[in-house]
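Everything below concerns the one structure shown next.
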Amino acid sequence: MMQSVQFDERYRGYSSEKLMESMIRRIKDGRAEVSLRPLHRLTPQCISLPVYGPCDAPSAVILATAVIVAETRLNEIQQGFVEIDMDLLFGR
(Lines give C-alpha, C1' and ligand atoms only; values in the text may rest on other atoms or scores of the structure.)
Protein backbone atom coordinates (compact mmCIF):
# COMPACT_ATOMS: atom_id res chain seq x y z
CA MET A 1 0.00 0.00 0.00
CA MET A 2 0.99 3.59 -0.45
CA GLN A 3 0.20 6.71 1.55
CA SER A 4 0.09 9.85 -0.60
CA VAL A 5 -0.22 13.55 0.15
CA GLN A 6 -0.70 16.25 -2.47
CA PHE A 7 1.01 19.64 -2.18
CA ASP A 8 0.16 22.81 -4.06
CA GLU A 9 2.31 25.75 -5.18
CA ARG A 10 2.34 27.43 -1.77
CA TYR A 11 4.62 24.61 -0.59
CA ARG A 12 7.23 25.21 -3.32
CA GLY A 13 9.50 27.20 -0.98
CA TYR A 14 9.41 24.60 1.78
CA SER A 15 12.50 22.59 2.63
CA SER A 16 12.44 18.79 2.44
CA GLU A 17 12.17 18.75 6.23
CA LYS A 18 9.18 21.12 6.29
CA LEU A 19 7.41 19.15 3.54
CA MET A 20 7.84 15.90 5.47
CA GLU A 21 6.65 17.55 8.70
CA SER A 22 3.57 18.74 6.81
CA MET A 23 3.05 15.25 5.42
CA ILE A 24 3.18 13.78 8.94
CA ARG A 25 0.59 16.30 10.21
CA ARG A 26 -1.70 15.55 7.27
CA ILE A 27 -1.45 11.79 7.79
CA LYS A 28 -2.29 12.27 11.48
CA ASP A 29 -5.24 14.49 10.52
CA GLY A 30 -6.51 11.90 8.03
CA ARG A 31 -5.76 14.14 5.03
CA ALA A 32 -3.74 11.56 3.11
CA GLU A 33 -4.83 9.02 0.54
CA VAL A 34 -4.16 5.31 0.87
CA SER A 35 -3.88 3.40 -2.40
CA LEU A 36 -2.43 0.18 -3.72
CA ARG A 37 -0.17 2.05 -6.17
CA PRO A 38 1.93 5.16 -5.67
CA LEU A 39 0.18 8.30 -6.87
CA HIS A 40 3.25 10.53 -7.25
CA ARG A 41 3.72 9.52 -10.89
CA LEU A 42 0.02 9.98 -11.69
CA THR A 43 -0.81 13.05 -9.62
CA PRO A 44 1.21 16.26 -9.90
CA GLN A 45 2.74 17.66 -6.72
CA CYS A 46 2.30 14.46 -4.74
CA ILE A 47 4.56 12.55 -2.35
CA SER A 48 3.90 8.84 -1.86
CA LEU A 49 5.44 6.60 0.79
CA PRO A 50 5.06 2.84 1.21
CA VAL A 51 2.93 1.51 4.06
CA TYR A 52 3.82 -2.05 4.98
CA GLY A 53 1.25 -4.48 6.25
CA PRO A 54 -1.93 -6.21 5.19
CA CYS A 55 -4.33 -4.28 2.96
CA ASP A 56 -7.27 -5.25 5.12
CA ALA A 57 -5.74 -3.83 8.32
CA PRO A 58 -7.92 -1.34 10.21
CA SER A 59 -7.46 2.23 9.00
CA ALA A 60 -6.05 3.28 12.39
CA VAL A 61 -3.26 0.70 11.97
CA ILE A 62 -2.57 1.82 8.39
CA LEU A 63 -2.37 5.48 9.46
CA ALA A 64 -0.15 4.69 12.46
CA THR A 65 2.20 2.74 10.20
CA ALA A 66 2.21 5.59 7.66
CA VAL A 67 3.22 8.04 10.39
CA ILE A 68 6.12 5.79 11.41
CA VAL A 69 7.30 5.55 7.78
CA ALA A 70 7.06 9.33 7.34
CA GLU A 71 8.86 10.00 10.64
CA THR A 72 11.63 7.64 9.57
CA ARG A 73 11.98 9.52 6.27
CA LEU A 74 12.01 12.84 8.20
CA ASN A 75 14.84 11.50 10.35
CA GLU A 76 16.78 10.54 7.20
CA ILE A 77 16.23 14.06 5.81
CA GLN A 78 17.37 15.66 9.08
CA GLN A 79 20.54 13.55 9.05
CA GLY A 80 21.27 14.64 5.47
CA PHE A 81 20.88 11.18 3.92
CA VAL A 82 18.01 12.07 1.55
CA GLU A 83 16.08 15.07 0.23
CA ILE A 84 12.87 15.50 -1.65
CA ASP A 85 13.43 16.15 -5.37
CA MET A 86 11.71 19.53 -5.66
CA ASP A 87 11.98 19.54 -9.47
CA LEU A 88 10.18 16.21 -9.61
CA LEU A 89 7.56 17.32 -7.07
CA PHE A 90 6.84 20.82 -8.41
CA GLY A 91 8.30 20.82 -11.90
CA ARG A 92 11.00 23.18 -13.05
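By convention in this document, the chains of the C-alpha coordinates carry letters A, B, ... by their order, each chain's residues are numbered from 1, and ligands are numbered from 1 in the order they are shown.
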TODO: Run DSSP on the backbone and give me the residues of chain A it puts in strand (DSSP E or B), as a PyMOL selection string.
DONE: chain A and resi 2-6+33-35+46-50
- [ ] Once DSSP has gone over the backbone, tell me which residues of chain A are in alpha helix (DSSP H), as a ChimeraX atom specification.
- [x] /A:16-28,59-78,86-90
Residues from last step as file, N, CA, C and O atoms, as a short mmCIF file (atom, residue, chain, number, x, y, z; two decimals), in the first residue's frame:
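Writing done, so here's result-v6.cif:
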data_model
loop_
_atom_site.label_atom_id
_atom_site.label_comp_id
_atom_site.auth_asym_id
_atom_site.auth_seq_id
_atom_site.Cartn_x
_atom_site.Cartn_y
_atom_site.Cartn_z
N SER A 16 12.83 20.20 2.36
CA SER A 16 12.44 18.79 2.44
C SER A 16 11.91 18.46 3.83
O SER A 16 10.92 17.76 3.99
N GLU A 17 12.57 19.00 4.85
CA GLU A 17 12.17 18.75 6.23
C GLU A 17 10.76 19.29 6.49
O GLU A 17 9.91 18.60 7.07
N LYS A 18 10.50 20.52 6.07
CA LYS A 18 9.18 21.12 6.29
C LYS A 18 8.08 20.37 5.52
O LYS A 18 6.98 20.20 6.01
N LEU A 19 8.39 19.93 4.30
CA LEU A 19 7.41 19.15 3.54
C LEU A 19 7.07 17.84 4.26
O LEU A 19 5.90 17.46 4.35
N MET A 20 8.09 17.16 4.78
CA MET A 20 7.84 15.90 5.47
C MET A 20 7.09 16.14 6.78
O MET A 20 6.20 15.35 7.14
N GLU A 21 7.40 17.22 7.49
CA GLU A 21 6.65 17.55 8.70
C GLU A 21 5.19 17.80 8.36
O GLU A 21 4.28 17.38 9.09
N SER A 22 4.94 18.50 7.26
CA SER A 22 3.57 18.74 6.81
C SER A 22 2.88 17.43 6.45
O SER A 22 1.71 17.22 6.77
N MET A 23 3.61 16.55 5.79
CA MET A 23 3.05 15.25 5.42
C MET A 23 2.64 14.47 6.68
O MET A 23 1.56 13.89 6.73
N ILE A 24 3.49 14.48 7.69
CA ILE A 24 3.18 13.78 8.94
C ILE A 24 1.91 14.35 9.57
O ILE A 24 1.02 13.60 9.99
N ARG A 25 1.80 15.67 9.63
CA ARG A 25 0.59 16.30 10.21
C ARG A 25 -0.65 15.89 9.43
O ARG A 25 -1.70 15.58 10.00
N ARG A 26 -0.54 15.89 8.10
CA ARG A 26 -1.70 15.55 7.27
C ARG A 26 -2.10 14.09 7.41
O ARG A 26 -3.28 13.76 7.40
N ILE A 27 -1.13 13.21 7.55
CA ILE A 27 -1.45 11.79 7.79
C ILE A 27 -2.19 11.67 9.12
O ILE A 27 -3.22 11.01 9.22
N LYS A 28 -1.66 12.32 10.15
CA LYS A 28 -2.29 12.27 11.48
C LYS A 28 -3.70 12.84 11.47
O LYS A 28 -4.57 12.38 12.20
N SER A 59 -8.03 0.95 9.45
CA SER A 59 -7.46 2.23 9.00
C SER A 59 -6.57 2.87 10.05
O SER A 59 -5.57 3.50 9.71
N ALA A 60 -6.89 2.70 11.33
CA ALA A 60 -6.05 3.28 12.39
C ALA A 60 -4.65 2.66 12.36
O ALA A 60 -3.65 3.36 12.57
N VAL A 61 -4.56 1.37 12.06
CA VAL A 61 -3.26 0.70 11.97
C VAL A 61 -2.50 1.19 10.74
O VAL A 61 -1.30 1.47 10.80
N ILE A 62 -3.19 1.33 9.62
CA ILE A 62 -2.57 1.82 8.39
C ILE A 62 -2.02 3.23 8.61
O ILE A 62 -0.89 3.53 8.25
N LEU A 63 -2.82 4.10 9.22
CA LEU A 63 -2.37 5.48 9.46
C LEU A 63 -1.21 5.52 10.44
O LEU A 63 -0.26 6.29 10.24
N ALA A 64 -1.25 4.71 11.49
CA ALA A 64 -0.15 4.69 12.46
C ALA A 64 1.14 4.22 11.79
O ALA A 64 2.22 4.77 12.03
N THR A 65 1.03 3.23 10.93
CA THR A 65 2.20 2.74 10.20
C THR A 65 2.71 3.81 9.24
O THR A 65 3.92 4.02 9.12
N ALA A 66 1.81 4.51 8.58
CA ALA A 66 2.21 5.59 7.66
C ALA A 66 2.96 6.69 8.40
O ALA A 66 3.94 7.23 7.88
N VAL A 67 2.53 7.02 9.60
CA VAL A 67 3.22 8.04 10.39
C VAL A 67 4.64 7.58 10.71
O VAL A 67 5.60 8.35 10.59
N ILE A 68 4.80 6.32 11.09
CA ILE A 68 6.12 5.79 11.41
C ILE A 68 7.04 5.86 10.19
O ILE A 68 8.20 6.27 10.28
N VAL A 69 6.51 5.49 9.02
CA VAL A 69 7.30 5.55 7.78
C VAL A 69 7.70 6.99 7.50
O VAL A 69 8.87 7.28 7.18
N ALA A 70 6.77 7.92 7.61
CA ALA A 70 7.06 9.33 7.34
C ALA A 70 8.05 9.91 8.36
O ALA A 70 8.94 10.69 8.00
N GLU A 71 7.92 9.53 9.62
CA GLU A 71 8.86 10.00 10.64
C GLU A 71 10.26 9.45 10.40
O GLU A 71 11.25 10.14 10.62
N THR A 72 10.34 8.22 9.92
CA THR A 72 11.63 7.64 9.57
C THR A 72 12.27 8.41 8.42
O THR A 72 13.46 8.74 8.44
N ARG A 73 11.46 8.74 7.40
CA ARG A 73 11.98 9.52 6.27
C ARG A 73 12.40 10.91 6.75
O ARG A 73 13.43 11.43 6.32
N LEU A 74 11.63 11.53 7.65
CA LEU A 74 12.01 12.84 8.20
C LEU A 74 13.36 12.75 8.90
O LEU A 74 14.21 13.62 8.72
N ASN A 75 13.56 11.71 9.66
CA ASN A 75 14.84 11.50 10.35
C ASN A 75 15.97 11.39 9.34
O ASN A 75 17.05 11.97 9.53
N GLU A 76 15.76 10.67 8.25
CA GLU A 76 16.78 10.54 7.20
C GLU A 76 17.08 11.89 6.55
O GLU A 76 18.23 12.20 6.24
N ILE A 77 16.05 12.71 6.36
CA ILE A 77 16.23 14.06 5.81
C ILE A 77 17.05 14.91 6.79
O ILE A 77 18.00 15.59 6.41
N GLN A 78 16.68 14.86 8.07
CA GLN A 78 17.37 15.66 9.08
C GLN A 78 18.84 15.28 9.22
O GLN A 78 19.68 16.12 9.52
N MET A 86 12.68 18.46 -5.46
CA MET A 86 11.71 19.53 -5.66
C MET A 86 11.35 19.70 -7.13
O MET A 86 10.20 20.04 -7.45
N ASP A 87 12.29 19.45 -8.05
CA ASP A 87 11.98 19.54 -9.47
C ASP A 87 10.98 18.46 -9.89
O ASP A 87 10.08 18.71 -10.68
N LEU A 88 11.13 17.27 -9.32
CA LEU A 88 10.18 16.21 -9.61
C LEU A 88 8.82 16.52 -9.00
O LEU A 88 7.78 16.33 -9.65
N LEU A 89 8.82 17.04 -7.78
CA LEU A 89 7.56 17.32 -7.07
C LEU A 89 6.81 18.50 -7.69
O LEU A 89 5.60 18.40 -7.94
N PHE A 90 7.50 19.61 -7.96
CA PHE A 90 6.84 20.82 -8.41
C PHE A 90 7.08 21.17 -9.88
O PHE A 90 6.50 22.12 -10.37
#
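Pairwise distance (CA of Tyr52 in chain A, CA of Asp29 in chain A) equals 19.7 Å.
With only C-alpha atoms as the atoms that count, the residue of A:Tyr11, A:Val51, A:Val82, A:Val5 with the shortest distance to Leu36 in chain A is A:Val51.
Atom pair CA of Ala57 in chain A / CA of Glu33 in chain A: separated by 15.1 Å.
Nearest to Arg12 in chain A of all the residues A:Gln45, A:Pro58, A:Gly30, A:Phe81 is A:Gln45, based on only C-alpha atoms.
In this structure, CA of Gln6 in chain A sits 7.7 Å away from CA of Pro44 in chain A.
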Open item on the list: List the spatial neighbours of Ser4 in chain A as JSON, numbers by chain - criterion: any atom at most 10 Å away, only C-alpha atoms, same-chain residues fewer than 2 positions off excluded.
Closed with: {"A": [1, 2, 6, 7, 23, 26, 27, 31, 32, 33, 34, 35, 37, 38, 39, 40, 43, 46, 47, 48, 49, 50, 51, 66]}
Those same residues - N, CA, C and O atoms - I'd like them written as an mmCIF file, in the first residue's frame.
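Okay, this is what ended up in result.cif:
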data_model
loop_
_atom_site.group_PDB
_atom_site.id
_atom_site.type_symbol
_atom_site.label_atom_id
_atom_site.label_comp_id
_atom_site.auth_asym_id
_atom_site.auth_seq_id
_atom_site.Cartn_x
_atom_site.Cartn_y
_atom_site.Cartn_z
ATOM 1 N N MET A 1 0.837 -1.179 0.000
ATOM 2 C CA MET A 1 0.000 0.000 0.000
ATOM 3 C C MET A 1 0.883 1.243 0.000
ATOM 4 O O MET A 1 2.022 1.190 0.427
ATOM 5 N N MET A 2 0.283 2.313 -0.416
ATOM 6 C CA MET A 2 0.992 3.593 -0.454
ATOM 7 C C MET A 2 0.151 4.655 0.252
ATOM 8 O O MET A 2 -1.074 4.642 0.167
ATOM 9 N N GLN A 6 -0.885 15.296 -1.378
ATOM 10 C CA GLN A 6 -0.695 16.249 -2.472
ATOM 11 C C GLN A 6 -0.357 17.618 -1.901
ATOM 12 O O GLN A 6 -0.895 18.041 -0.880
ATOM 13 N N PHE A 7 0.570 18.302 -2.576
ATOM 14 C CA PHE A 7 1.006 19.640 -2.185
ATOM 15 C C PHE A 7 0.716 20.598 -3.330
ATOM 16 O O PHE A 7 0.800 20.220 -4.492
ATOM 17 N N MET A 23 3.614 16.549 5.791
ATOM 18 C CA MET A 23 3.049 15.251 5.425
ATOM 19 C C MET A 23 2.642 14.472 6.681
ATOM 20 O O MET A 23 1.555 13.891 6.733
ATOM 21 N N ARG A 26 -0.541 15.886 8.097
ATOM 22 C CA ARG A 26 -1.700 15.553 7.269
ATOM 23 C C ARG A 26 -2.098 14.089 7.412
ATOM 24 O O ARG A 26 -3.283 13.762 7.399
ATOM 25 N N ILE A 27 -1.127 13.207 7.551
ATOM 26 C CA ILE A 27 -1.452 11.794 7.791
ATOM 27 C C ILE A 27 -2.186 11.672 9.123
ATOM 28 O O ILE A 27 -3.219 11.009 9.216
ATOM 29 N N ARG A 31 -5.705 13.448 6.317
ATOM 30 C CA ARG A 31 -5.758 14.144 5.026
ATOM 31 C C ARG A 31 -4.735 13.570 4.049
ATOM 32 O O ARG A 31 -4.059 14.290 3.333
ATOM 33 N N ALA A 32 -4.623 12.255 4.045
ATOM 34 C CA ALA A 32 -3.739 11.563 3.112
ATOM 35 C C ALA A 32 -4.548 10.452 2.456
ATOM 36 O O ALA A 32 -5.544 9.996 3.001
ATOM 37 N N GLU A 33 -4.102 10.044 1.288
ATOM 38 C CA GLU A 33 -4.828 9.024 0.535
ATOM 39 C C GLU A 33 -4.053 7.713 0.575
ATOM 40 O O GLU A 33 -2.850 7.685 0.336
ATOM 41 N N VAL A 34 -4.759 6.638 0.888
ATOM 42 C CA VAL A 34 -4.162 5.308 0.869
ATOM 43 C C VAL A 34 -4.570 4.640 -0.435
ATOM 44 O O VAL A 34 -5.733 4.663 -0.826
ATOM 45 N N SER A 35 -3.593 4.071 -1.128
ATOM 46 C CA SER A 35 -3.877 3.404 -2.396
ATOM 47 C C SER A 35 -2.956 2.189 -2.538
ATOM 48 O O SER A 35 -1.992 2.040 -1.785
ATOM 49 N N ARG A 37 -1.279 1.609 -5.321
ATOM 50 C CA ARG A 37 -0.169 2.051 -6.168
ATOM 51 C C ARG A 37 0.245 3.464 -5.764
ATOM 52 O O ARG A 37 -0.582 4.247 -5.315
ATOM 53 N N PRO A 38 1.507 3.797 -5.974
ATOM 54 C CA PRO A 38 1.931 5.160 -5.675
ATOM 55 C C PRO A 38 1.255 6.153 -6.611
ATOM 56 O O PRO A 38 1.080 5.886 -7.799
ATOM 57 N N LEU A 39 0.869 7.276 -6.076
ATOM 58 C CA LEU A 39 0.182 8.296 -6.869
ATOM 59 C C LEU A 39 1.125 9.378 -7.378
ATOM 60 O O LEU A 39 0.743 10.177 -8.221
ATOM 61 N N HIS A 40 2.353 9.424 -6.893
ATOM 62 C CA HIS A 40 3.247 10.525 -7.250
ATOM 63 C C HIS A 40 3.596 10.565 -8.729
ATOM 64 O O HIS A 40 3.956 11.620 -9.225
ATOM 65 N N THR A 43 -0.225 11.821 -10.153
ATOM 66 C CA THR A 43 -0.811 13.047 -9.620
ATOM 67 C C THR A 43 0.292 14.086 -9.447
ATOM 68 O O THR A 43 1.264 13.828 -8.748
ATOM 69 N N CYS A 46 2.704 15.483 -5.686
ATOM 70 C CA CYS A 46 2.295 14.463 -4.739
ATOM 71 C C CYS A 46 3.520 13.702 -4.231
ATOM 72 O O CYS A 46 4.427 13.401 -4.997
ATOM 73 N N ILE A 47 3.531 13.407 -2.937
ATOM 74 C CA ILE A 47 4.555 12.549 -2.350
ATOM 75 C C ILE A 47 3.866 11.273 -1.896
ATOM 76 O O ILE A 47 2.842 11.322 -1.210
ATOM 77 N N SER A 48 4.435 10.140 -2.274
ATOM 78 C CA SER A 48 3.901 8.840 -1.863
ATOM 79 C C SER A 48 4.969 8.083 -1.080
ATOM 80 O O SER A 48 6.140 8.114 -1.444
ATOM 81 N N LEU A 49 4.544 7.431 -0.009
ATOM 82 C CA LEU A 49 5.443 6.598 0.787
ATOM 83 C C LEU A 49 4.803 5.225 0.971
ATOM 84 O O LEU A 49 3.585 5.120 1.107
ATOM 85 N N PRO A 50 5.624 4.173 1.020
ATOM 86 C CA PRO A 50 5.062 2.837 1.213
ATOM 87 C C PRO A 50 4.538 2.662 2.638
ATOM 88 O O PRO A 50 5.071 3.238 3.574
ATOM 89 N N VAL A 51 3.481 1.880 2.754
ATOM 90 C CA VAL A 51 2.931 1.508 4.057
ATOM 91 C C VAL A 51 2.905 -0.010 4.075
ATOM 92 O O VAL A 51 2.197 -0.629 3.285
ATOM 93 N N ALA A 66 1.812 4.514 8.579
ATOM 94 C CA ALA A 66 2.206 5.587 7.663
ATOM 95 C C ALA A 66 2.959 6.686 8.400
ATOM 96 O O ALA A 66 3.939 7.233 7.880
#
